[in-house]
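Q: Pasting a structure below so you can have a look.
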Amino acid sequence: MMATAALDRYAAAARDAARRRSRHWVAATHWIRHRLLPAEGFVLPALLALTAVLGLLARLHTPWIQTSMVTLPLLLGGFTLRFTAQLVLLSAAAIVVLADSAAMRPPHPDPGTVLLVGTTALVVLVMSRERVRLGVRGTRGESMLFDLRERLQAQGRVPQMPDGWDVDLALKSADGQSFGGDFLIAARSDQGSVLQLGLVDVSGKGLEAGTRALLLSGAFGGLLGSVPAEEFLAAANRYLLRQGWEEGFATAVHLVLDLRSGEFDCYSAGHPPIARLNSGAGEWELCETPGPVLGVLPEVVYRPTRGRLVAGDALLLFTDGLVERPGKDLAVGLDRLLGAAQTLQTRGFAGGAARIIDTVARSVNDDRALVLLCRSS
């Protein structure tokens with residue numbers, strides 16, 4: 001028994017020692033990854049040394065090493081160094097290139113090396129200048145935009161719908177960019193019995209409009225469900241006016257749907273009309289709702305268009321990128337959209353939003369968004 005107890009104590013001590021070593025290893029790796037490697041006091045000397053080594057090896061005619069490879073530390077410095085430190089690194093690369101040129105007989109610069117190093121330095125400095133304006137280094141700016149895009153998409157996720165209701169959403173940005181000026185916000189209130197949807201189209205398109213959409217989605221998402229439904233667009237209008245943007249207007253459609261009765265109110269701020277499928281007649285009809293755009297006029301009042309959805313009915317909410325074409329009447333685009341929507345009754349509503357966009361506006365250079373809401377029972 002004494003031997004067994006001794007073995008147990010030895011095993012416990014070994015486990016404690018292993019845990020301590022593990023904690024020390026984690027602490028050391030964390031310090032290296034998050035303190036040492038990002039630290040400019042480590043990175044700049046390391047890249048300067050790498051530049052010097054590459055220049056020396058190229059001077060010794062080492063196989064696979066050429067003077068133009070000083071572009072490698074320049075690229076690495078573009079992701080890790082501040083702008084002034086990059087200028088120091090660029091000076092070191094220039095010295096290496098000049099030393100290599102002076103060592104030639106007769107001394108002359110290699111045009112290809114000068115062009116490659118100069119072009120790389122110019123690109124890195126321009127990109128770094130943009131990061132300086134943003135106030136971040138390395139890829140943190142891109143990471144921030146990625147996080148903001150994820151938040152924008154999360155803001156537009158429709159809450160879990162009760163049985164008998166389905167919502168399908170499709171968003172496509174101009175030029176295939178990850179950011180666009182169209183976004184959706186959604187919320188359920190009154191113990192989940194009321195669904196509110198807001199489809200917003202910010203002026204402009206692509207990344208330019210997408211940056212404003214990122215800001216507005218958070219602000220409008222906070223208003224939705226927090227203010228009375230009849231006051232939402234008025235509150236959004238006041239918020240947009242306070243921003244003072246030169247191109248700060250936006251259009252929006254706000255749908256308030258009672259999931260028990262199917263009754264809905266639709267408010268519009270300069271937005272295209274919504275379309276309603278009347279399952280009894282088997283046809284789509286437009287529901288016009290007048291209202292001024294957001295961010296132009298102060299103290300405006302938005303009044304709703306009312307209706308009711310029964311089993312088999314559906315609604316389409318969409319932005320103008322689907323129906324507006326330069327030099328063409330808006331009615332032509334609306335007819336094309338309703339014609340594409342008519343096929344949903346035979347092909348089914350699942351995935352219908354993306355199919356409609358691909359049918360009527362696949363290659364349109366504009367932001368496009370479409371929400372398909374249907375009641376099955």
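Note on naming: chains are A, B, ... as they come in the structure tokens, residues start from 1 per chain, ligands start from 1 in the order shown.
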Which residues are near Leu54 (chain A)? Cut-off 12 Å, only C-alpha atoms, ignore same chain within fewer than 5 positions. Put them as a compact mmCIF listing (two decimals) with N, CA and C atoms, in the first residue's frame.

A:
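Heads up, here's the output in out28.txt:
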```
# COMPACT_ATOMS: atom_id res chain seq x y z
N LEU A 47 13.45 42.57 -40.88
CA LEU A 47 13.30 42.77 -42.32
C LEU A 47 14.51 43.50 -42.91
N LEU A 48 15.12 44.40 -42.14
CA LEU A 48 16.36 45.05 -42.61
C LEU A 48 17.47 44.02 -42.77
N ALA A 49 17.55 43.10 -41.79
CA ALA A 49 18.58 42.04 -41.88
C ALA A 49 18.31 41.14 -43.06
N ARG A 59 24.86 39.24 -54.45
CA ARG A 59 26.19 39.70 -54.86
C ARG A 59 27.16 38.54 -55.00
N LEU A 60 26.97 37.48 -54.20
CA LEU A 60 27.83 36.30 -54.28
C LEU A 60 27.38 35.32 -55.36
N HIS A 61 26.37 35.74 -56.13
CA HIS A 61 25.84 34.92 -57.23
C HIS A 61 25.34 33.56 -56.73
N THR A 62 24.69 33.61 -55.57
CA THR A 62 24.09 32.39 -55.03
C THR A 62 22.93 31.95 -55.92
N PRO A 63 22.88 30.65 -56.28
CA PRO A 63 21.77 30.19 -57.12
C PRO A 63 20.41 30.51 -56.48
N TRP A 64 19.44 30.87 -57.30
CA TRP A 64 18.05 31.15 -56.91
C TRP A 64 17.89 32.48 -56.17
N ILE A 65 18.96 33.24 -55.96
CA ILE A 65 18.85 34.52 -55.27
C ILE A 65 19.25 35.64 -56.23
N GLN A 66 18.34 36.60 -56.41
CA GLN A 66 18.61 37.77 -57.24
C GLN A 66 18.33 39.03 -56.44
N THR A 67 18.92 40.13 -56.89
CA THR A 67 18.73 41.40 -56.18
C THR A 67 17.26 41.80 -56.11
N SER A 68 16.48 41.46 -57.13
CA SER A 68 15.06 41.84 -57.16
C SER A 68 14.26 41.19 -56.03
N MET A 69 14.84 40.19 -55.37
CA MET A 69 14.12 39.53 -54.28
C MET A 69 14.02 40.39 -53.03
N VAL A 70 14.63 41.59 -53.03
CA VAL A 70 14.42 42.51 -51.90
C VAL A 70 12.97 42.99 -51.86
N THR A 71 12.21 42.67 -52.92
CA THR A 71 10.78 42.99 -52.88
C THR A 71 10.05 42.16 -51.82
N LEU A 72 10.61 41.00 -51.46
CA LEU A 72 9.96 40.15 -50.46
C LEU A 72 9.84 40.86 -49.11
N PRO A 73 10.94 41.39 -48.53
CA PRO A 73 10.78 42.12 -47.27
C PRO A 73 9.92 43.38 -47.42
N ALA A 92 16.63 50.94 -47.37
CA ALA A 92 17.57 49.82 -47.32
C ALA A 92 17.54 49.03 -48.63
N ALA A 93 16.32 48.80 -49.17
CA ALA A 93 16.22 48.08 -50.44
C ALA A 93 16.87 48.87 -51.56
N VAL A 96 20.62 48.46 -51.43
CA VAL A 96 21.03 47.16 -51.96
C VAL A 96 21.05 47.19 -53.48
N VAL A 97 20.00 47.76 -54.09
CA VAL A 97 19.93 47.83 -55.56
C VAL A 97 21.07 48.70 -56.10
N ASP A 100 24.39 46.89 -55.84
CA ASP A 100 24.51 45.86 -56.88
C ASP A 100 24.85 46.50 -58.23
```

Q: So which residues touch Ile356 (chain A) within 8 Å, counting only C-alpha atoms, skipping near sequence neighbours fewer than 2 positions away, as a ChimeraX atom specification?

A: /A:337,340-341,352-354,358-360

Q: Between CA of Lys328 (chain A) and CA of Pro273 (chain A), what is the distance, to one decimal in Å?

A: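 Computing the Euclidean distance for CA of Lys328 (chain A) and CA of Pro273 (chain A) yields 17.5 Å.
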
Q: Write out as a list in words the residues lying within 6 Å of Gly198 (chain A), counting only C-alpha atoms and excluding same-chain residues fewer than 2 positions away.

A: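 Result of the neighbour search: Leu184, Ile185, Val253 and His254 of chain A.
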
Q: When you count only C-alpha atoms, which of these residues is closest to Pro292 (chain A): A:Cys266, A:Ala187, A:Ile274, A:Ala234?

A: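 The answer is A:Ala234, which sits nearest to Pro292 (chain A).
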
Q: At a cut-off of 10 Å, using only C-alpha atoms, what residues contact region 227-229 of chain A? Leave out same-chain residues fewer than 5 positions from it and give the result as a ChimeraX atom specification.

A: /A:196,222,234-235,254-256,265,267

Q: Residues of the last selection are to be written out with N, CA, C and O atoms, as a short mmCIF file (atom, residue, chain, number, x, y, z; two decimals), in the first residue's frame.

A:
```cif
data_model
loop_
_atom_site.label_atom_id
_atom_site.label_comp_id
_atom_site.auth_asym_id
_atom_site.auth_seq_id
_atom_site.Cartn_x
_atom_site.Cartn_y
_atom_site.Cartn_z
N GLN A 196 -41.59 42.47 -38.42
CA GLN A 196 -41.28 43.73 -39.10
C GLN A 196 -40.07 43.53 -40.00
O GLN A 196 -39.04 43.01 -39.55
N GLY A 222 -31.53 49.11 -34.73
CA GLY A 222 -31.84 49.44 -33.35
C GLY A 222 -33.20 50.11 -33.21
O GLY A 222 -33.88 49.94 -32.19
N ALA A 234 -40.16 57.69 -39.95
CA ALA A 234 -39.93 59.08 -39.54
C ALA A 234 -38.67 59.18 -38.68
O ALA A 234 -37.87 60.11 -38.82
N ALA A 235 -38.48 58.21 -37.76
CA ALA A 235 -37.27 58.21 -36.93
C ALA A 235 -36.03 57.96 -37.77
O ALA A 235 -34.98 58.58 -37.55
N HIS A 254 -41.09 49.45 -45.39
CA HIS A 254 -41.23 48.90 -44.04
C HIS A 254 -42.53 48.11 -43.98
O HIS A 254 -43.62 48.67 -44.19
N LEU A 255 -42.41 46.81 -43.73
CA LEU A 255 -43.58 45.93 -43.68
C LEU A 255 -43.81 45.49 -42.25
O LEU A 255 -42.89 45.03 -41.56
N VAL A 256 -45.06 45.63 -41.79
CA VAL A 256 -45.46 45.19 -40.45
C VAL A 256 -46.55 44.14 -40.65
O VAL A 256 -47.63 44.45 -41.14
N ASP A 265 -49.36 46.11 -42.71
CA ASP A 265 -49.23 47.53 -43.06
C ASP A 265 -47.91 47.70 -43.80
O ASP A 265 -46.87 47.17 -43.37
N TYR A 267 -45.34 50.62 -45.27
CA TYR A 267 -44.92 52.02 -45.33
C TYR A 267 -43.79 52.12 -46.36
O TYR A 267 -42.93 51.24 -46.44
#
```

Q: Would you please give, as number ranges by chain, all residues of region 109-318 of chain A that DSSP assigns to strand (DSSP E) based on the backbone?

A: A: 165-172, 182-189, 194-202, 250-258, 263-269, 274-278, 283-287, 305-308, 314-318

Q: Using only C-alpha atoms, which residues sit within 7 Å of region 309-320 of chain A once same-chain residues fewer than 6 positions away are excluded, as a CSV table (one decimal) with N, CA and C atoms, in the first residue's frame?

A:
```csv
chain,number,residue,atom,x,y,z
A,201,ASP,N,-32.5,50.9,-49.4
A,201,ASP,CA,-31.6,51.1,-50.6
A,201,ASP,C,-30.9,52.4,-50.4
A,262,GLY,N,-52.5,37.5,-40.6
A,262,GLY,CA,-52.1,37.8,-42.0
A,262,GLY,C,-52.3,39.2,-42.4
A,263,GLU,N,-52.8,40.1,-41.5
A,263,GLU,CA,-52.9,41.5,-41.9
A,263,GLU,C,-51.6,42.2,-41.9
A,272,PRO,N,-39.7,51.5,-54.6
A,272,PRO,CA,-40.6,50.9,-55.5
A,272,PRO,C,-41.7,50.2,-54.8
A,274,ILE,N,-44.4,47.4,-53.6
A,274,ILE,CA,-44.3,46.0,-53.3
A,274,ILE,C,-45.3,45.2,-54.2
A,275,ALA,N,-45.1,44.0,-54.4
A,275,ALA,CA,-46.1,43.2,-55.2
A,275,ALA,C,-46.7,42.1,-54.4
A,276,ARG,N,-48.0,41.9,-54.6
A,276,ARG,CA,-48.7,40.9,-53.8
A,276,ARG,C,-49.4,39.8,-54.7
A,277,LEU,N,-49.1,38.6,-54.4
A,277,LEU,CA,-49.8,37.5,-55.1
A,277,LEU,C,-51.1,37.2,-54.5
A,278,ASN,N,-52.1,37.4,-55.3
A,278,ASN,CA,-53.5,37.0,-54.9
A,278,ASN,C,-53.7,35.6,-55.4
A,279,SER,N,-53.7,34.6,-54.4
A,279,SER,CA,-53.8,33.2,-54.8
A,279,SER,C,-55.1,32.9,-55.4
A,368,ARG,N,-28.8,44.8,-56.0
A,368,ARG,CA,-30.2,44.2,-56.1
A,368,ARG,C,-30.5,43.5,-54.9
A,369,ALA,N,-31.8,43.6,-54.4
A,369,ALA,CA,-32.2,42.9,-53.3
A,369,ALA,C,-33.7,42.6,-53.5
A,370,LEU,N,-34.1,41.4,-53.0
A,370,LEU,CA,-35.5,40.9,-53.2
A,370,LEU,C,-35.8,40.0,-52.0
A,371,VAL,N,-37.0,40.3,-51.4
A,371,VAL,CA,-37.5,39.5,-50.3
A,371,VAL,C,-38.8,38.9,-50.7
A,372,LEU,N,-38.9,37.6,-50.6
A,372,LEU,CA,-40.1,36.9,-51.0
A,372,LEU,C,-40.7,36.3,-49.7
A,373,LEU,N,-41.9,36.7,-49.4
A,373,LEU,CA,-42.6,36.3,-48.1
A,373,LEU,C,-43.9,35.6,-48.6
A,374,CYS,N,-44.1,34.4,-48.1
A,374,CYS,CA,-45.3,33.7,-48.6
A,374,CYS,C,-46.0,33.0,-47.4
A,375,ARG,N,-47.3,32.8,-47.5
A,375,ARG,CA,-48.1,32.2,-46.5
A,375,ARG,C,-48.7,30.9,-47.1
A,376,SER,N,-48.3,29.8,-46.5
A,376,SER,CA,-48.8,28.5,-47.0
A,376,SER,C,-50.0,27.9,-46.3
A,377,SER,N,-50.3,28.4,-45.1
A,377,SER,CA,-51.5,27.9,-44.3
A,377,SER,C,-52.0,29.0,-43.4
```
